[in-house]
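Note: the block below is input.txt and it holds compact mmCIF, C-alpha atoms.
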# COMPACT_ATOMS: atom_id res chain seq x y z
CA MET A 1222 -35.85 7.35 6.70
CA ILE A 1223 -36.65 10.56 4.78
CA PRO A 1224 -39.65 10.68 2.40
CA GLY A 1225 -38.66 11.03 -1.25
CA THR A 1226 -35.38 10.68 -3.10
CA TYR A 1227 -32.86 13.15 -4.58
CA GLN A 1228 -34.39 16.03 -2.65
CA GLN A 1229 -32.72 19.39 -2.96
CA TYR A 1230 -32.07 19.55 0.77
CA LEU A 1231 -31.61 16.72 3.23
CA VAL A 1232 -30.52 16.97 6.83
CA SER A 1233 -27.99 14.36 7.98
CA PRO A 1234 -26.04 14.01 11.25
CA ALA A 1235 -22.60 15.55 10.79
CA ARG A 1236 -20.87 12.42 12.13
CA TYR A 1237 -22.13 10.54 9.04
CA ALA A 1238 -21.26 13.24 6.51
CA SER A 1239 -18.03 13.64 4.54
CA PRO A 1240 -17.30 17.18 3.35
CA ILE A 1241 -16.22 17.38 -0.29
CA PRO A 1242 -13.24 19.73 -0.71
CA ASP A 1243 -13.50 22.82 -2.87
CA GLY A 1244 -12.35 22.12 -6.41
CA VAL A 1245 -13.47 18.48 -6.45
CA SER A 1246 -16.29 18.09 -8.97
CA ASP A 1247 -19.32 15.87 -8.42
CA GLU A 1248 -18.16 13.65 -11.31
CA VAL A 1249 -14.90 12.97 -9.46
CA ALA A 1250 -16.34 12.86 -5.94
CA ALA A 1251 -19.12 10.36 -6.65
CA PRO A 1252 -16.82 7.39 -7.51
CA VAL A 1253 -14.31 8.47 -4.85
CA MET A 1254 -16.93 8.10 -2.12
CA CYS A 1255 -17.24 4.38 -2.85
CA SER A 1256 -14.63 2.91 -5.20
CA ALA A 1257 -11.58 4.90 -4.17
CA SER A 1258 -12.10 4.66 -0.42
CA THR A 1259 -12.64 0.90 -0.69
CA VAL A 1260 -9.50 0.20 -2.70
CA TYR A 1261 -7.47 2.72 -0.65
CA ARG A 1262 -8.20 0.66 2.49
CA SER A 1263 -7.00 -2.44 0.64
CA LEU A 1264 -3.79 -0.73 -0.48
CA ILE A 1265 -3.08 0.38 3.08
CA GLU A 1266 -3.74 -3.05 4.57
CA SER A 1267 -1.53 -4.75 1.98
CA ASN A 1268 1.46 -3.11 3.73
CA LEU A 1269 3.19 -2.72 0.37
CA ARG A 1270 5.71 0.05 -0.11
CA ALA A 1271 6.70 2.45 -2.87
CA GLY A 1272 8.33 0.63 -5.77
CA ALA A 1273 6.18 -2.50 -5.42
CA TRP A 1274 4.68 -4.05 -8.54
CA VAL A 1275 0.91 -4.17 -8.05
CA VAL A 1276 -1.42 -5.96 -10.46
CA PHE A 1277 -5.08 -5.08 -10.97
CA PRO A 1278 -6.86 -7.87 -12.87
CA GLY A 1279 -10.05 -6.29 -14.16
CA GLY A 1280 -8.38 -2.95 -13.46
CA GLY A 1281 -10.20 -1.12 -16.23
CA GLY A 1282 -13.37 -1.12 -14.13
CA GLY A 1283 -14.51 1.43 -11.58
CA VAL A 1284 -12.77 0.11 -8.47
CA GLY A 1285 -9.62 -1.07 -10.21
CA ILE A 1286 -8.94 2.16 -12.08
CA GLN A 1287 -9.22 4.13 -8.84
CA GLY A 1288 -6.73 1.67 -7.35
CA VAL A 1289 -4.35 2.30 -10.24
CA GLN A 1290 -4.39 6.04 -9.56
CA LEU A 1291 -3.94 5.64 -5.82
CA ALA A 1292 -1.16 3.07 -6.20
CA LYS A 1293 0.65 5.42 -8.57
CA ALA A 1294 0.23 8.33 -6.13
CA MET A 1295 1.64 6.12 -3.34
CA GLY A 1296 4.74 5.31 -5.38
CA MET A 1297 3.78 1.80 -6.47
CA ARG A 1298 3.99 0.44 -10.02
CA PRO A 1299 0.54 -0.58 -11.30
CA VAL A 1300 -0.12 -3.15 -14.03
CA VAL A 1301 -3.64 -3.62 -15.39
CA VAL A 1302 -4.92 -6.92 -16.80
CA ASP A 1303 -8.12 -6.35 -18.76
CA THR A 1304 -9.34 -6.20 -22.34
CA GLY A 1305 -10.43 -3.60 -24.87
CA ASP A 1306 -9.00 -0.40 -26.34
CA ALA A 1307 -11.12 1.88 -24.13
CA LYS A 1308 -9.91 0.24 -20.92
CA GLN A 1309 -6.31 0.23 -22.11
CA LYS A 1310 -6.48 3.95 -22.96
CA LEU A 1311 -8.01 4.80 -19.60
CA ALA A 1312 -5.56 2.63 -17.65
CA MET A 1313 -2.50 4.18 -19.29
CA GLU A 1314 -3.87 7.71 -18.86
CA MET A 1315 -4.50 7.04 -15.17
CA GLY A 1316 -0.95 5.90 -14.42
CA ALA A 1317 -0.61 2.21 -15.23
CA GLU A 1318 2.93 1.28 -16.23
CA ALA A 1319 1.65 -1.54 -18.42
CA PHE A 1320 -1.59 -3.01 -19.75
CA VAL A 1321 -1.97 -6.70 -20.53
CA ASP A 1322 -4.95 -7.54 -22.75
CA PHE A 1323 -5.93 -11.05 -21.74
CA LYS A 1324 -7.72 -11.61 -25.05
CA GLU A 1325 -4.76 -10.53 -27.16
CA VAL A 1326 -1.88 -12.06 -25.18
CA ALA A 1327 -1.37 -15.83 -25.35
CA ASP A 1328 -0.22 -16.09 -21.72
CA PRO A 1329 -1.26 -13.10 -19.57
CA THR A 1330 0.41 -14.55 -16.46
CA LYS A 1331 3.75 -14.87 -18.23
CA ALA A 1332 3.39 -11.31 -19.57
CA VAL A 1333 2.72 -9.91 -16.09
CA ILE A 1334 5.66 -11.77 -14.55
CA GLU A 1335 8.00 -10.49 -17.27
CA ILE A 1336 6.87 -6.92 -16.60
CA ALA A 1337 7.38 -7.37 -12.83
CA ASP A 1338 11.16 -7.82 -13.06
CA GLY A 1339 10.74 -11.36 -14.40
CA ILE A 1340 9.85 -12.46 -10.86
CA GLY A 1341 6.21 -11.60 -10.22
CA ALA A 1342 3.94 -9.10 -8.54
CA HIS A 1343 4.42 -7.92 -4.97
CA GLY A 1344 0.66 -7.50 -4.72
CA VAL A 1345 -2.47 -8.49 -6.63
CA PHE A 1346 -5.67 -6.51 -6.04
CA VAL A 1347 -8.67 -8.48 -7.24
CA THR A 1348 -11.56 -6.14 -7.96
CA ALA A 1349 -13.29 -8.28 -10.62
CA PRO A 1350 -14.63 -11.58 -9.18
CA ALA A 1351 -13.87 -13.50 -12.39
CA ALA A 1352 -10.17 -12.70 -11.88
CA TYR A 1353 -9.82 -14.78 -8.70
CA LYS A 1354 -9.07 -17.95 -10.68
CA ASN A 1355 -5.74 -16.53 -11.94
CA ALA A 1356 -4.88 -14.12 -9.13
CA ILE A 1357 -2.23 -16.21 -7.37
CA SER A 1358 -0.42 -16.95 -10.63
CA PHE A 1359 0.52 -13.27 -11.07
CA THR A 1360 2.76 -13.45 -7.99
CA GLY A 1361 5.12 -15.78 -9.89
CA ASP A 1362 8.20 -16.53 -7.81
CA ARG A 1363 7.97 -13.40 -5.69
CA ILE A 1364 8.61 -14.07 -2.00
CA GLY A 1365 6.31 -12.35 0.46
CA SER A 1366 3.66 -11.32 -2.05
CA VAL A 1367 0.06 -10.63 -1.10
CA VAL A 1368 -3.26 -11.20 -2.86
CA MET A 1369 -5.92 -8.73 -1.72
CA CYS A 1370 -9.55 -9.83 -2.11
CA ILE A 1371 -11.87 -6.90 -2.85
CA GLY A 1372 -14.47 -7.92 -5.44
CA LEU A 1373 -17.44 -9.89 -4.10
CA PRO A 1374 -18.51 -12.93 -6.16
CA PRO A 1375 -21.83 -14.65 -5.42
CA ILE A 1376 -21.41 -16.70 -2.24
CA GLY A 1377 -20.18 -20.21 -2.97
CA SER A 1378 -19.39 -19.50 -6.62
CA MET A 1379 -15.62 -19.10 -6.33
CA THR A 1380 -12.75 -20.78 -4.48
CA LEU A 1381 -9.34 -19.16 -4.08
CA GLY A 1382 -6.53 -21.46 -3.07
CA ALA A 1383 -3.29 -23.23 -3.96
CA ASP A 1384 -0.95 -25.94 -2.77
CA PRO A 1385 -0.11 -25.14 0.89
CA CYS A 1386 3.58 -25.46 -0.01
CA ALA A 1387 3.18 -22.38 -2.21
CA PHE A 1388 2.03 -20.40 0.82
CA VAL A 1389 4.80 -21.76 3.01
CA PHE A 1390 7.80 -21.51 0.71
CA LYS A 1391 6.76 -18.22 -0.90
CA ASN A 1392 5.47 -16.63 2.33
CA LEU A 1393 2.30 -15.87 0.38
CA THR A 1394 -0.57 -14.00 2.03
CA ILE A 1395 -4.20 -13.86 0.94
CA LYS A 1396 -6.17 -11.16 2.66
CA GLY A 1397 -9.60 -9.59 2.33
CA THR A 1398 -10.87 -6.06 2.91
CA LEU A 1399 -14.46 -4.86 2.71
CA VAL A 1400 -15.07 -1.12 2.88
CA GLY A 1401 -13.29 2.09 3.79
CA SER A 1402 -13.87 4.23 6.88
CA ARG A 1403 -14.79 7.92 6.95
CA ARG A 1404 -11.08 8.61 7.42
CA ASP A 1405 -10.35 6.64 4.24
CA VAL A 1406 -12.98 8.73 2.43
CA ALA A 1407 -11.33 11.91 3.69
CA MET A 1408 -7.91 10.70 2.55
CA THR A 1409 -9.11 9.77 -0.92
CA LEU A 1410 -10.97 13.05 -1.32
CA ASP A 1411 -7.71 14.79 -0.45
CA PHE A 1412 -5.95 12.83 -3.21
CA ALA A 1413 -8.65 14.16 -5.54
CA ARG A 1414 -8.18 17.71 -4.25
CA ARG A 1415 -4.48 17.46 -5.11
CA GLY A 1416 -5.26 16.19 -8.61
CA MET A 1417 -4.11 12.61 -7.97
CA LEU A 1418 -7.58 11.13 -8.50
CA GLN A 1419 -9.04 12.27 -11.78
CA GLN A 1420 -12.38 11.71 -13.50
CA ILE A 1421 -12.79 8.09 -14.53
CA SER A 1422 -16.51 8.24 -15.30
CA GLU A 1423 -18.79 8.74 -18.25
CA VAL A 1424 -21.57 11.16 -17.31
CA TYR A 1425 -25.12 10.38 -18.46
CA PRO A 1426 -28.29 12.48 -18.23
CA VAL A 1427 -31.08 11.03 -16.10
CA ASN A 1428 -33.29 10.20 -19.10
CA ARG A 1429 -30.54 7.93 -20.51
CA MET A 1430 -30.03 6.01 -17.29
CA PRO A 1431 -31.45 2.71 -18.72
CA GLU A 1432 -28.88 2.91 -21.52
CA ALA A 1433 -26.09 3.39 -18.97
CA VAL A 1434 -27.27 0.41 -16.92
CA GLU A 1435 -27.35 -1.78 -20.02
CA LYS A 1436 -23.75 -0.83 -20.85
CA LEU A 1437 -22.73 -1.86 -17.33
CA ARG A 1438 -24.52 -5.20 -17.68
CA LYS A 1439 -22.63 -5.89 -20.91
CA GLY A 1440 -19.24 -4.97 -19.40
CA GLN A 1441 -18.77 -2.15 -21.91
CA VAL A 1442 -17.87 0.56 -19.40
CA ALA A 1443 -14.31 1.72 -18.80
CA GLY A 1444 -14.23 3.16 -15.28
CA ARG A 1445 -17.56 4.25 -13.82
CA ILE A 1446 -20.84 5.79 -14.94
CA VAL A 1447 -22.19 8.86 -13.13
CA VAL A 1448 -25.82 9.86 -13.66
CA ASN A 1449 -26.55 13.58 -13.45
CA PHE A 1450 -30.10 13.93 -12.15
CA ASN A 1451 -30.17 17.64 -13.02
CA TRP A 1452 -29.54 17.00 -16.73
CA GLU A 1453 -31.82 15.71 -19.45
CA GLU A 1454 -31.25 15.51 -23.19
If you took the structure in this file and wrote it as structure tokens, what would it be?
Amino acid sequence: MIPGTYQQYLVSPARYASPIPDGVSDEVAAPVMCSASTVYRSLIESNLRAGAWVVFPGGGGGVGIQGVQLAKAMGMRPVVVDTGDAKQKLAMEMGAEAFVDFKEVADPTKAVIEIADGIGAHGVFVTAPAAYKNAISFTGDRIGSVVMCIGLPPIGSMTLGADPCAFVFKNLTIKGTLVGSRRDVAMTLDFARRGMLQQISEVYPVNRMPEAVEKLRKGQVAGRIVVNFNWEE
């Protein structure tokens, strides 16, 4: 409703604004305001406790890698299923206990189950839509596990389901969450203030924004990309 974009000053009602704590850089705050608050809400609504094995298929991406950090900070044990050296390096640096490369491992589901006490995950947080097809398998034989739906595939393109007996006998729950509240944003920014959410983004100058977008389209980005509109090369 305001003419122009990226203006130096913009007045906004305080009830819609989230103050960024001192010491939290723009490069950290930008992904926190979206990715971290969204996955934090999902972690809270999963009702999982400290010590739970939590799997992030596609966890080398922007939402998943924030989830890895938050899960670690909340005492959970994150496992990332993704591919590529860059995503593995980032995942392990951000607190993942294990990384399963689905292109290098013959049976990623078996690998995840072996990591999770040989039983299966307590929770699976699906941030990459393509990962829905295998999400339930990561729960293995775990009783009372939960699959949290976060990533949004095109409507009608994906079906998530299993034999009803699997839900009954394993007490399996599938649950969806959409976005975080302003309170969730405040909580995640506080994690960042305490050093529990670190920078997961590559920073690009504004004149290289098309290059950054192309990398995203090709799935070549570990974490997020932040564009600095005050920087040109």
Select from region 1397-1424 of chain A every residue with an atom at most 10 Å from any atom of region 1303-1323 of chain A, then for each give the shortest pair of atoms and their distance in Å to one decimal, using all atoms listed in the file, rows by chain and rising number, as a tab-separated table.
residue	atom	partner	partner_atom	distance
A:Met1417	CA	A:Met1315	CA	9.1
A:Leu1418	CA	A:Met1315	CA	8.4
A:Gln1419	CA	A:Met1315	CA	7.7
A:Gln1420	CA	A:Met1315	CA	9.3
A:Ile1421	CA	A:Leu1311	CA	7.7
Coordinates-based distance that separates CA of Val1448 (chain A) from CA of Val1302 (chain A) (Å, one decimal):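 So the answer is 27.0 Å.
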Name the residues in contact with Ala1342 (chain A) at a cut-off of 7 Å, using only C-alpha atoms, excluding same-chain residues fewer than 5 positions from it; report them as a list in words.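 Surrounding residues, per the criterion: Trp1274, Val1275, Val1276, Ile1334, Ala1337, Phe1359, Thr1360, Gly1361, Arg1363 and Ser1366 of chain A.
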Please provide as an mmCIF file with C-alpha atoms, in the frame of the given file all residues within 9 Å of Gln1287 (chain A), with the sequence filter that same-chain residues fewer than 5 positions apart are discarded (counting only C-alpha atoms).
data_model
loop_
_atom_site.group_PDB
_atom_site.id
_atom_site.type_symbol
_atom_site.label_atom_id
_atom_site.label_comp_id
_atom_site.auth_asym_id
_atom_site.auth_seq_id
_atom_site.Cartn_x
_atom_site.Cartn_y
_atom_site.Cartn_z
ATOM 1 C CA PRO A 1252 -16.820 7.390 -7.510
ATOM 2 C CA VAL A 1253 -14.310 8.470 -4.850
ATOM 3 C CA SER A 1256 -14.630 2.910 -5.200
ATOM 4 C CA ALA A 1257 -11.580 4.900 -4.170
ATOM 5 C CA SER A 1258 -12.100 4.660 -0.420
ATOM 6 C CA VAL A 1260 -9.500 0.200 -2.700
ATOM 7 C CA TYR A 1261 -7.470 2.720 -0.650
ATOM 8 C CA GLY A 1280 -8.380 -2.950 -13.460
ATOM 9 C CA GLY A 1282 -13.370 -1.120 -14.130
ATOM 10 C CA ALA A 1292 -1.160 3.070 -6.200
ATOM 11 C CA MET A 1315 -4.500 7.040 -15.170
ATOM 12 C CA LEU A 1418 -7.580 11.130 -8.500
ATOM 13 C CA GLN A 1419 -9.040 12.270 -11.780
ATOM 14 C CA ILE A 1421 -12.790 8.090 -14.530
ATOM 15 C CA GLY A 1444 -14.230 3.160 -15.280
#
Could you tell me how far CA of Gly1365 (chain A) lies from CA of Ala1383 (chain A), in Å and to one decimal?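 Computed distance, CA of Gly1365 (chain A) to CA of Ala1383 (chain A), equals 15.2 Å.
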Within 10 Å of Gly1397 (chain A), counting only C-alpha atoms, which residues show up once you throw out same-chain ones fewer than 6 positions away? Write them as a PyMOL selection string, please. chain A and resi 1263+1266-1267+1346-1347+1368-1372
